[in-house]
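Structure record follows, encoded as structure tokens.
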Amino acid sequence: MTSRIFTRIFTVYAVIFLAAGIFIEIYITSAVRANHISNLQLQLENQIGLVSRDISFSSRDLDTLCMEIKKHLQARVTVIRNDGKVIGDSDHDSSSMDNHLNRIEIQQAADSGTGTTIRYSDTLQYDALYVAKKIMRGGTETGFVRIAVPLEDIYRSINILRMKIILVVLVVLLVTWAISVWQTDNLRRLLKQITDFSRALSRGEIDKRLFLKKAGEFSEIADNLTSMSVTLQKMISRSEEETNRLNVILKSVPDALLIVDAKGTIILSNTSVMDFFGDIKSSGVHFSDVVRNHEFSDLINEVRQSLVPGMTEFSIETPSEKYLTVRVSPLFYSEMELSGFVAVFHDITDLRKLEQVRKDFVANVSHELKTPITAIKGFADTLLDGAIDDHDNAARFIRTIKSNSERINSLVDDLMTISRIELGVIRVEKSLIDIGEVFESVMETFRGRASGKGLTLDAFRDHDVLQISADRNRLLQILTNLVDNAIKFTEKGGVSFGIRTEDDRQYLFVSDTGIGVPSKLVARLGERFFRVDPGRSRSMGGTGLGLAIVKHLVRAHGWSMKIESVHGRGQR
């Protein structure tokens, strides 16, 4: 880079000074030559005027006189008659010389009185200045006197001047070269600093600053570049801050978000997309590779056509069964030019399940109440129709009415219990209780029922566990419901319950060797009125609310409940 800059600068300076030198040489040498010749011409004219007084044109041989005059003038003297005949010459024998009437200086002198010319002299063997003057005597033209001076000295002087000019030009060129080298090195240093700084900016090193010393006009460039770097750093910091803020907002949004371009390629998504659609690539791919649902694709096409937001609901099977709502809005970067779509997915699976639970609850309550009420109404109508007088059947009918009314009462009591727990009316008041005494109470309650079915009933606890923090009555209710269900659905083997310590945590458990529950139904255990086998549960007098009450009481204690079951091998 340095050599290129030096070459350009030096070439410009060299061309300028060479042109100037050539112009000066031509102009000055021409002017000096013309001035010298003009002065010499005047001098020779004056000398002719002086020497012509001593010349007699009537003489036949003036060569000797001309040679005498040359000694004083140091110039060739020639005397010529009116007819051009040379009658005297200081350098040659006049009698052998040609007629000079046609010579230019003689013709000029004949016309204007004085004639001048420069030409190569065959006699002198170099250029000479010839000055001729017409001589008048008594008003009559008598002849011409011509003096010739060699121009060798003048040319020598001009050549010396030319050499001086060339020397000056060479000196100026050398000085220019030295200045160019100095300026080039200075420019190279400044340009290198600017180039290095610009390269650092292009690499993203925007924290650097540029300071130039003795840079002249480059200082302003350095200040502008530094100001640009500071401004760029602020803009990038602001952009990064906004990007980070946007990423935090997107990560904190529980709903899945997709930003799709006009071609259907996903250009931005949040982390919730993986929770909704699985651990798949969700950026740079077509939206159909992530959301495999035709209803969503139809909605995208509908929004593309109408350019207004739209919404739909759909379900997916993988990675797990979910019910989703999606709202798709068109994205415009410029007015009325579709740039893409923004799709926001909301998981309504729990809402759908709650709606289903509510529907099931209403249907189950209606069904659970309808059966005993129908029985009561039927037997009451039978008694009113005259069966009351049939003492044997009347007593049986009344016992049936009483049994169904007790079933309704039990159902209402269980529902009220769940409602009071949910409303906080029934409060759990924890205290340190004797866990052995609670287990003994449960054993006393169910020992007879278990032995009546040929089942074993066992209670276990670690030796170091004597007390736990719980509400005694509610804990007794939890264990009673669980053991009751275990005995009810176990035909052989036995039921066990107790408390163990694992990983510094205490676990209450109830296990049996009953029929168990299919794995796909385990998650529904604890729902109100849910029965694995509805017919069998009702025949055993259950309301379907026992596990729901247990679940609510466990939560009220701040505990968690886990159910493990293998179909045909019991549950825990």
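Going through the structure tokens in order, the chains are called A, B, and so on, while each chain numbers its residues from 1 and the ligands are numbered from 1 in the order shown.
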Nearby residues (only C-alpha atoms) at most 6 Å from range 64-81 of chain A, same-chain spacing under 4 positions excluded, as a list in words: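 Those residues are Lys85, Val86, Ile87, Gly88, Asp89, Ser90, Gly143, Phe144, Val145, Arg146, Ile147, Ala148 and Val149 of chain A.
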Can you write just those residues out, C-alpha atoms, as an mmCIF file, in the first residue's frame?
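See out25.cif below for the written result:
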```cif
data_model
loop_
_atom_site.group_PDB
_atom_site.id
_atom_site.type_symbol
_atom_site.label_atom_id
_atom_site.label_comp_id
_atom_site.auth_asym_id
_atom_site.auth_seq_id
_atom_site.Cartn_x
_atom_site.Cartn_y
_atom_site.Cartn_z
ATOM 1 C CA LYS A 85 30.086 44.180 -54.524
ATOM 2 C CA VAL A 86 32.190 43.388 -51.450
ATOM 3 C CA ILE A 87 35.026 45.888 -51.303
ATOM 4 C CA GLY A 88 36.352 45.055 -47.839
ATOM 5 C CA ASP A 89 36.259 42.190 -45.349
ATOM 6 C CA SER A 90 38.212 41.520 -42.228
ATOM 7 C CA GLY A 143 26.898 51.444 -49.646
ATOM 8 C CA PHE A 144 26.535 49.135 -46.643
ATOM 9 C CA VAL A 145 28.624 48.271 -43.620
ATOM 10 C CA ARG A 146 27.983 44.879 -42.072
ATOM 11 C CA ILE A 147 29.284 43.525 -38.789
ATOM 12 C CA ALA A 148 28.974 39.794 -37.967
ATOM 13 C CA VAL A 149 29.354 38.476 -34.445
#
```
Per-residue DSSP, range 35-243 of chain A, filtered to strand (DSSP E or B), as number ranges by chain: A: 76-81, 86-89, 114-121, 126-137, 140-150
Taking the DSSP secondary structure from the backbone, can you list the residues of range 373-489 of chain A that are alpha helix (DSSP H), as an NGL selection string? :A and (373-384 or 391-423 or 435-452 or 472-488)
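Counting from CA of Phe439 in chain A, the distance to CA of Gln467 in chain A is 11.6 Å.
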Contacts of Ile376 in chain A at 12 Å (only C-alpha atoms; same-chain gap of 5+ positions) as a PyMOL selection string: chain A and resi 369-371+381-383+397-408
So that I can check the surroundings of range 504-514 of chain A, please list as a PyMOL selection string every protein, DNA and RNA residue that reaches within 10 Å of it, counting only C-alpha atoms and ignoring chain neighbours fewer than 3 positions away. chain A and resi 455-462+465+468+479+482-483+485-501+517+559-572
